[in-house]
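Report on the following structure.
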Amino acid sequence: MTASFLIRRIGYGLLLMLGVVVLNFLLIRLAPGDPAVVIAGEMGGATEEMLESIREEYGLNKPLIVQLGIYVGNVATGDLGESFFFNQPVATLIAQRILPTILLVVTAQVLSIAIGVFLGVLAARKPNGVMSAFVSVFATIGYAVPVFWTGIMLIILFASVLPMFPVEGMQSVKLRDASLFVQMLDILHHLILPAFTLAIIYLAQYARLSRASMLEVLGSDYIRTAKAKGASERSILFKHALRNAALPILTVAGLQFGNLISGALLVETVFNWPGMGRLAFDSILRRDYPTIMGVLFFASAMVVIANILTDMSYRLADPRLRGKG
Amino acid sequence: MKLMSRLFGAAAFAALSSTALPAFADGGTLVIASTQVPRHLNGAVQSGIATAVPSTQIFASPLRYDENWEPQPYLAKSWEVSEDGLTVTLNLVDNATFHDGEAVTSEDVAYSIMTTKANHPFKSMFAPVESIDTPDAQTVVINLSSPHPALLLALSPALAPVLPKHVFDDGQDIKSHPMNATPVGSGPFMLEEFKPGEAIVLKKNPNFFLEGRPKLDEIIVRIIKDPSALLIAMENSEADMYPFMAGSQEIRRLEKADHLTVTADGYAAVGPINWLAFNTATPKLSDVRVRQAIAYAVDRNFITKALHRGVSAPQRGPIIEGSPFFDASIPAYDTDLDKAKALMAEAGFADGMELTIDYIPGPKEQQQSIAEYMKSQLKKIGIDVTVRAAPDFPTWAGRVGGHDFELSMDIVFNWGDPVIGVHRTYLSDNIRQGVIWSNTQQYANDKVDTLLNAAAIEIDPEKRKALYSEFQQIVGTDLPVYWINALPYHTAYDAKLQNVPTGIWGSMHPLDTVSWGE
């Protein structure tokens, strides 16, 4: 892997993020609704003078292009502005929520890849067998069912009917003063339902993808050679076939990261998970422009970074790509 | 698969550890669940339930109120109103300190009232306050331009938090002051942590000036925006108290939980009224007979008993029925479709008319459902109603505040005294384009203006009541608004909790006597 490749990818990523910042700004400002009215409403109603002073205070009375210029300049210096609603720096609000989102998204990603690929490999073993049929049906259902519905069903089943898991949040407030170990277990306990909810849809995709990819690889000459040499089925599946079948899975995993973050928005809302997705959802309803743009900026940064990492891992996994610019 | 079994094992352990908490005796934690998100915690510059619940724990105020609308000592151990009603003197306790150790003085009280007057959206609360004298550290003399009978109620914790002058008076804009998110007060609980949109953690103030209080060690306000998740949290004892619950399904469901008590007490001063507003400036609705016809066509009892499953109470007038100023003889408009049709014909609309109705998006049961009911009900008297949805609150507020509506559902609070929450809807000098919850009906009646202005300065309670009675009779006939029901606010709480606040301000009141029973 050359340094110039990495620099070029980072350069593209930065350009992409600039585009995202400008596009987000314009799209959000084109949406109907006056944030001054929302802020005034939250304060219990206001006079026209108060509305004007709110617009003045938040720079909402300046021309759109001026507002855009100021915003891009501020973002370049690391200043994401202040939340209209909370009067606190957007960076502080995001900092409070980024770790829960990363925890949720990464857990869901790991769960969906691990379980999905495992199911896919099992299904590819006997393409006309029961497991293969199960994976196909499961993948179709997983694809079709909306993530918020899955979440609500899991809450009803595992938090209400069989109260095994907490219904919402990331930590039990009554365990705030417990030892670190108990608190970590508590977070894990809270994480299971939302992580599974988010993982299910992608798990189905990975299962289907790895099944197809494995079937293709299992028909190759070198697999036939391995079988002729007397290699065990386990060794053929996981050592020879899966390694080669993993490339498309890796590609999709990088692309799916953006989808996972948007899926997290719904899951966090359903489970009251204190992450960026919920902050984004609430901020949209409040017309809290700086916060929405701050969250989108961070989300796009996460996607860009994930894609760069995917490109890098792709080159690591496939020797044929190494040395190519 | 080993990993999975370990995961579940850990989860099971965590489940055990969370359910095996010891029963609370003295002290303990109270977890309050709320769907509402406070912007910050300074009730001096921010109205609304979301801020008032934590603000009344953090800040003390000059007075507090009991369940009979009687003022009780708090930071003021006594108070006197001069005979002409133009001076109110507060005598403060001498042992109150802020959470940072500084003493609470008359300077702080004077600063807080003037700050609230200048910045709180309820302008009428302290409008007649001209100046405040502080002859010594424990005496506050409030000088009024006119008698102001609403003043004592406005000195309640929900409306008049006493701010530390040495913290807030530093030249910064109080509305965006950074200390609004980390306030220092003199109330029974101190702020430990404020995670915007997530939780507020309050710890017991060990130096609270009322001896032996507070009883609890800690109050945690958990914000759970999804009502279904909140209900399960209450059922599973993950939260202990849920105030301001207004959904009939929620109320009926939590009533069935054995460990919970559900009460409608504690909302008398809030006075939340759900109503149908008429834009009286539009040609069709400028005729009082059309407005009366609509009132006769709508069945309030159907709404409260069927749509709201019996949890909400009918509301006949502009002043909440639990208030001492409510006049029960106000015209009730019992459903009478024949009379409604006759009034429509008299007004020249025998062939019917078309109208549009708006509603606040969000509280569906109180707003959208009633708007849809109106559509079917008003068809019976020849009115073809179009229900106009708004994608969000700002859109609705823009339409109604901008007077771009014909009929609209609305929810408006009385906020204790009529001067604070009622006058704003009916005074003709409060018709203000672009301002929601002003006189958006554009209703103007000189007699009503005279009566309300007289009631605002009348210090004799009986005479004041008579003025409000006359006002209610007039607006009851003019119908700028058709009042439907009181919002069915209920509080669900763990039955082991003692002294749950059921006074006129409910949980917008210091929870210093609340404790866990055996």
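FYI, nothing fancy with the structure tokens labels: chains A, B, ... in order, residues from 1 per chain, ligands from 1 as they appear.
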
Counting only C-alpha atoms, a student should be able to say which residues of chain B come within 6 Å of chain A; what is the right answer, written as a PyMOL selection string?
chain B and resi 11+14+39+46-47+121+394-395+435-436

Give me every helix (DSSP H, G or I) residue in segment 15-89 of chain B, going by DSSP on the backbone, as a PyMOL selection string.
chain B and resi 15-19+49-58

Using only C-alpha atoms, which protein or nucleic acid residues come within 10 Å of segment 247-262 of chain A? Drop anything in the same chain fewer than 6 positions from it, and give the result as a ChimeraX atom specification.
/A:101-102,104-106,108-110,112-113,117,198-199,201-202,205-207,209-210,213,276-277,299-300,302-311,313-315,317-318

For Leu427 of chain B, please output as a compact mmCIF listing (two decimals) with C-alpha atoms, in the first residue's frame all residues within 7 Å (counting only C-alpha atoms; exclusion window: fewer than 3 positions along the same chain).
# COMPACT_ATOMS: atom_id res chain seq x y z
CA HIS B 423 -56.00 37.28 30.04
CA ARG B 424 -53.57 36.75 27.15
CA ASN B 430 -52.82 41.12 22.90
CA ASN B 439 -55.10 36.45 21.26
CA ALA B 444 -62.07 42.15 20.67
CA ASP B 449 -61.03 44.37 28.23

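Close contacts of Tyr489 of chain B, defined as residues with an atom at most 6 Å away when counting only C-alpha atoms, with chain neighbours fewer than 5 positions off set aside, comprise B:Phe244, B:Met245, B:Ala246.
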
Take atom CA of Phe25 of chain A and atom CA of Gly59 of chain A and report the distance between them in Å, one decimal.
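Distance reported for this atom pair: 14.1 Å.
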
Write out as an mmCIF file with N, CA and C atoms, in the first residue's frame the residues lying within 9 Å of Lys225 of chain B, counting only C-alpha atoms and excluding same-chain residues fewer than 3 positions away.
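part.cif, written as the output of this step:
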data_model
loop_
_atom_site.group_PDB
_atom_site.id
_atom_site.type_symbol
_atom_site.label_atom_id
_atom_site.label_comp_id
_atom_site.auth_asym_id
_atom_site.auth_seq_id
_atom_site.Cartn_x
_atom_site.Cartn_y
_atom_site.Cartn_z
ATOM 1 N N THR A 269 -33.836 5.683 18.667
ATOM 2 C CA THR A 269 -35.104 6.317 19.031
ATOM 3 C C THR A 269 -36.020 5.310 19.720
ATOM 4 N N VAL A 270 -36.106 4.108 19.161
ATOM 5 C CA VAL A 270 -36.989 3.091 19.738
ATOM 6 C C VAL A 270 -36.518 2.693 21.140
ATOM 7 N N ASN A 272 -34.440 4.398 23.128
ATOM 8 C CA ASN A 272 -33.988 5.521 23.952
ATOM 9 C C ASN A 272 -32.489 5.414 24.226
ATOM 10 N N SER B 34 -39.972 11.206 32.259
ATOM 11 C CA SER B 34 -40.622 12.314 31.555
ATOM 12 C C SER B 34 -40.400 12.172 30.063
ATOM 13 N N THR B 35 -41.399 12.596 29.286
ATOM 14 C CA THR B 35 -41.216 12.599 27.830
ATOM 15 C C THR B 35 -40.728 13.973 27.363
ATOM 16 N N GLN B 36 -40.701 14.930 28.270
ATOM 17 C CA GLN B 36 -40.402 16.307 27.877
ATOM 18 C C GLN B 36 -38.929 16.653 28.098
ATOM 19 N N VAL B 37 -38.382 17.381 27.155
ATOM 20 C CA VAL B 37 -36.951 17.713 27.192
ATOM 21 C C VAL B 37 -36.763 19.181 27.582
ATOM 22 N N SER B 228 -44.411 4.387 24.938
ATOM 23 C CA SER B 228 -44.564 2.939 25.184
ATOM 24 C C SER B 228 -43.402 2.441 26.027
ATOM 25 N N ALA B 229 -42.185 2.880 25.693
ATOM 26 C CA ALA B 229 -41.019 2.469 26.468
ATOM 27 C C ALA B 229 -41.130 2.995 27.894
ATOM 28 N N LEU B 230 -41.667 4.209 28.017
ATOM 29 C CA LEU B 230 -41.811 4.799 29.349
ATOM 30 C C LEU B 230 -42.787 3.974 30.208
#

Could you tell me how far atom CA of Val419 of chain B lies from atom CA of Glu365 of chain B, in Å and to one decimal?
28.8 Å

Spatial neighbours of segment 378-384 of chain B, max dist 9 Å, only C-alpha atoms, sep filter under 4 positions, as a ChimeraX atom specification
/B:293-294,297-298,337-338,340-341,344,349-356,373-374

Serialized selection, N, CA and C atoms, as a compact mmCIF listing (two decimals), in the first residue's frame:
# COMPACT_ATOMS: atom_id res chain seq x y z
N ALA B 293 -73.44 27.81 16.87
CA ALA B 293 -73.97 26.62 16.19
C ALA B 293 -72.97 25.47 16.30
N ILE B 294 -71.70 25.78 16.10
CA ILE B 294 -70.66 24.75 16.21
C ILE B 294 -70.62 24.19 17.63
N ALA B 297 -73.34 21.84 18.21
CA ALA B 297 -73.23 20.59 17.44
C ALA B 297 -72.25 19.61 18.07
N VAL B 298 -71.28 20.14 18.79
CA VAL B 298 -70.24 19.27 19.34
C VAL B 298 -70.69 18.70 20.68
N LEU B 337 -78.65 19.59 18.03
CA LEU B 337 -78.41 19.77 16.59
C LEU B 337 -79.47 20.66 15.93
N ASP B 338 -80.71 20.59 16.41
CA ASP B 338 -81.77 21.43 15.82
C ASP B 338 -81.46 22.90 16.05
N ALA B 340 -78.58 24.14 16.60
CA ALA B 340 -77.39 24.46 15.81
C ALA B 340 -77.77 24.78 14.36
N LYS B 341 -78.65 23.95 13.79
CA LYS B 341 -79.07 24.18 12.40
C LYS B 341 -79.83 25.50 12.29
N MET B 344 -77.43 28.33 12.26
CA MET B 344 -76.75 28.41 10.96
C MET B 344 -77.66 29.10 9.94
N PHE B 349 -76.48 30.76 6.62
CA PHE B 349 -75.73 29.61 6.10
C PHE B 349 -76.58 28.34 6.12
N ALA B 350 -77.85 28.49 5.75
CA ALA B 350 -78.75 27.33 5.76
C ALA B 350 -78.24 26.24 4.83
N ASP B 351 -77.53 26.66 3.77
CA ASP B 351 -77.00 25.68 2.82
C ASP B 351 -75.64 25.14 3.22
N GLY B 352 -75.20 25.54 4.37
CA GLY B 352 -73.93 25.03 4.89
C GLY B 352 -72.75 25.90 4.48
N MET B 353 -71.57 25.44 4.84
CA MET B 353 -70.33 26.16 4.51
C MET B 353 -69.16 25.21 4.57
N GLU B 354 -68.03 25.71 4.11
CA GLU B 354 -66.81 24.90 4.20
C GLU B 354 -65.85 25.57 5.17
N LEU B 355 -65.23 24.77 6.00
CA LEU B 355 -64.24 25.30 6.95
C LEU B 355 -63.03 24.36 7.01
N THR B 356 -61.91 24.93 7.45
CA THR B 356 -60.70 24.12 7.64
C THR B 356 -60.36 24.10 9.11
N TYR B 373 -63.14 14.13 14.73
CA TYR B 373 -64.52 14.01 15.25
C TYR B 373 -65.35 15.22 14.80
N MET B 374 -64.72 16.41 14.86
CA MET B 374 -65.41 17.65 14.45
C MET B 374 -65.90 17.51 13.00
